[in-house]
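Participant: Before I ask anything, here is the structure I am working with.
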Amino acid sequence: MAKKILVVDDDPVGSTLMKARLSGAGFEVLTAIDGMHGLEAAREYHPDLIILDIEMPTMNGYVFILEMKQDSSISSIPVIVLTSHEENKPIFRRKGIMHYLVKPVNFDDLFAHMKELIGE
């Protein structure tokens with residue numbers, strides 16, 4: 001059975017590209033347009049991994065992580081953070097997010113992080 005990946009990103013072009021690449025690699029891909037919808041999807045579908053943008057309307061990635069970590073039903077799902085601001089890396093490390101990629105995404109790097117977190 002394919003591993004389930006939740007992509008939380010408000011950029012429709014980026015989400016479509018991410019979904020195409022991940023689906024092409026054999027993953028089942030779900031998408032959400034912001035953190036609020038992402039939390040709902042995580043609770044409903046219990047993905048194996050979440051790929052999370054930070055700068056989003058309604059609920060950004062920072063708030064998403066805080067909410068997620070307080071919900072025992074989803075708090076153990078691994079997260080890869082995507083953002084345009086590398087200088088924020090220490091903030092995520094303090095929140096226990098060790099997998100962090102700067103946009104534009106290098107898919108070889110993304111797949112390496114995914115392999116480390118959820119295997120093949």
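A note on labels: chains of the structure tokens are A, B, ... as shown, every chain counts residues from 1, and ligands are counted from 1 in their shown order.
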Step one, run DSSP on the backbone; step two, keep only residues of segment 8-50 of chain A assigned to strand (DSSP E); then write them as a ChimeraX atom specification.

Facilitator: /A:8,28-32,49-50

Participant: Please produce a file of those selected residues containing N, CA and C atoms, as a CSV table (one decimal), in the first residue's frame.

Facilitator:
chain,number,residue,atom,x,y,z
A,8,VAL,N,0.5,20.6,2.6
A,8,VAL,CA,-0.2,21.8,3.1
A,8,VAL,C,0.5,23.0,2.5
A,28,GLU,N,0.5,8.2,-2.3
A,28,GLU,CA,-0.8,8.7,-2.3
A,28,GLU,C,-0.7,10.1,-1.8
A,29,VAL,N,-1.2,11.1,-2.5
A,29,VAL,CA,-1.0,12.5,-2.1
A,29,VAL,C,-2.4,13.2,-1.8
A,30,LEU,N,-2.5,13.8,-0.7
A,30,LEU,CA,-3.6,14.7,-0.3
A,30,LEU,C,-3.1,16.1,-0.2
A,31,THR,N,-4.0,17.1,-0.5
A,31,THR,CA,-3.5,18.5,-0.4
A,31,THR,C,-4.5,19.3,0.5
A,32,ALA,N,-4.0,20.3,1.0
A,32,ALA,CA,-4.8,21.3,1.8
A,32,ALA,C,-4.2,22.7,1.5
A,49,LEU,N,3.1,11.2,6.4
A,49,LEU,CA,4.1,12.4,6.4
A,49,LEU,C,3.3,13.6,6.0
A,50,ILE,N,3.7,14.8,6.6
A,50,ILE,CA,3.1,16.1,6.2
A,50,ILE,C,4.3,16.9,5.6

Participant: For Pro104 of chain A, which residue out of A:Tyr62, A:Leu39, A:Ser75, A:Thr83 is the nearest one, using only C-alpha atoms?

Facilitator: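 Ranked by minimum distance to Pro104 of chain A, first place goes to A:Thr83.
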
Participant: Name all residues at most 12 Å from Glu67 of chain A (count only C-alpha atoms; drop same-chain ones fewer than 4 positions away) and give them as a PyMOL selection string.

Facilitator: chain A and resi 35-36+38-40+42-43+59-63+71-75+95

Participant: Just checking: using only C-alpha atoms, which residue out of A:Gln70, A:Ser23, A:Ser84, A:Ser76 ends up closest to Leu117 of chain A?

Facilitator: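 Between A:Gln70, A:Ser23, A:Ser84, A:Ser76, the residue approaching Leu117 of chain A most closely is A:Ser76.
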
Participant: For a quick check of understanding, using only C-alpha atoms, which of A:Asp108, A:Arg94, A:His85, A:Ala41 has the smallest distance to Met68 of chain A?

Facilitator: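 Of A:Asp108, A:Arg94, A:His85, A:Ala41, the one nearest Met68 of chain A is A:Ala41, counting only C-alpha atoms.
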
Participant: Name the closest residue to Val7 of chain A among the candidates A:Ile33, A:Ile77, A:Arg93, A:Glu55; distances are taken between atoms, counting only C-alpha atoms.

Facilitator: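 Of A:Ile33, A:Ile77, A:Arg93, A:Glu55, the one nearest Val7 of chain A, counting only C-alpha atoms, is A:Ile33.
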
Participant: Give the answer as one residue: which of A:Ile5, A:Ile91, A:Val105, A:Met56 has the shortest atom-to-atom distance to Ala25 of chain A, using only C-alpha atoms?

Facilitator: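 Looking only at the distances to Ala25 of chain A, the closest residue turns out to be A:Ile5.
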
Participant: Just the alpha helix (DSSP H) stuff from chain A, please, per backbone DSSP, written as a ChimeraX atom specification.

Facilitator: /A:12-24,35-45,61-69,89-94,107-118

Participant: Of the residues A:Glu44, A:Val79, A:Asp53, A:Ala2, which is the one nearest to Gly24 of chain A, using only C-alpha atoms?

Facilitator: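 Comparing A:Glu44, A:Val79, A:Asp53, A:Ala2 against Gly24 of chain A, the winner is A:Ala2.
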
Participant: Hey, what's within 12 Å of Met114 of chain A if we count only C-alpha atoms and toss same-chain stuff fewer than 5 positions away? As a PyMOL selection string, please?

Facilitator: chain A and resi 3-5+22+25+27+48-51+78-81+98-101+107-109+119-120

Participant: Using C-alpha atoms, can you write the selected residues to a file as a compact mmCIF listing (two decimals), in the first residue's frame?

Facilitator:
# COMPACT_ATOMS: atom_id res chain seq x y z
CA LYS A 3 2.45 5.82 1.77
CA LYS A 4 0.08 8.74 2.28
CA ILE A 5 1.53 12.26 2.08
CA LEU A 22 5.05 12.56 -5.35
CA ALA A 25 7.01 8.32 -7.24
CA PHE A 27 2.82 8.04 -3.06
CA ASP A 48 2.39 9.00 6.99
CA LEU A 49 4.06 12.39 6.42
CA ILE A 50 3.14 16.08 6.19
CA ILE A 51 4.93 18.49 3.87
CA PRO A 78 6.59 13.51 10.81
CA VAL A 79 6.75 16.95 9.16
CA ILE A 80 8.99 18.41 6.50
CA VAL A 81 8.81 22.21 6.52
CA MET A 98 14.37 18.69 12.10
CA HIS A 99 13.49 18.36 8.42
CA TYR A 100 13.45 21.72 6.73
CA LEU A 101 13.86 22.62 3.05
CA PHE A 107 13.20 17.01 -5.18
CA ASP A 108 16.30 14.85 -4.64
CA ASP A 109 16.70 16.50 -1.23
CA GLY A 119 11.39 4.71 4.45
CA GLU A 120 11.06 3.70 0.81

Participant: Suppose you want the space between atom CA of Pro47 of chain A and atom CA of Lys89 of chain A; what is it in Å?

Facilitator: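 Computing the Euclidean distance for atom CA of Pro47 of chain A and atom CA of Lys89 of chain A yields 23.7 Å.
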
Participant: Just to confirm, what's the straight-line distance from atom CA of Met18 of chain A to atom CA of Asn106 of chain A in Å (one decimal)?

Facilitator: 10.8 Å

Participant: In Å, rounded to a single decimal, give me how far atom CA of Ala20 of chain A is from atom CA of Met1 of chain A.

Facilitator: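 Calculated distance between atom CA of Met1 of chain A and atom CA of Ala20 of chain A is 18.2 Å.
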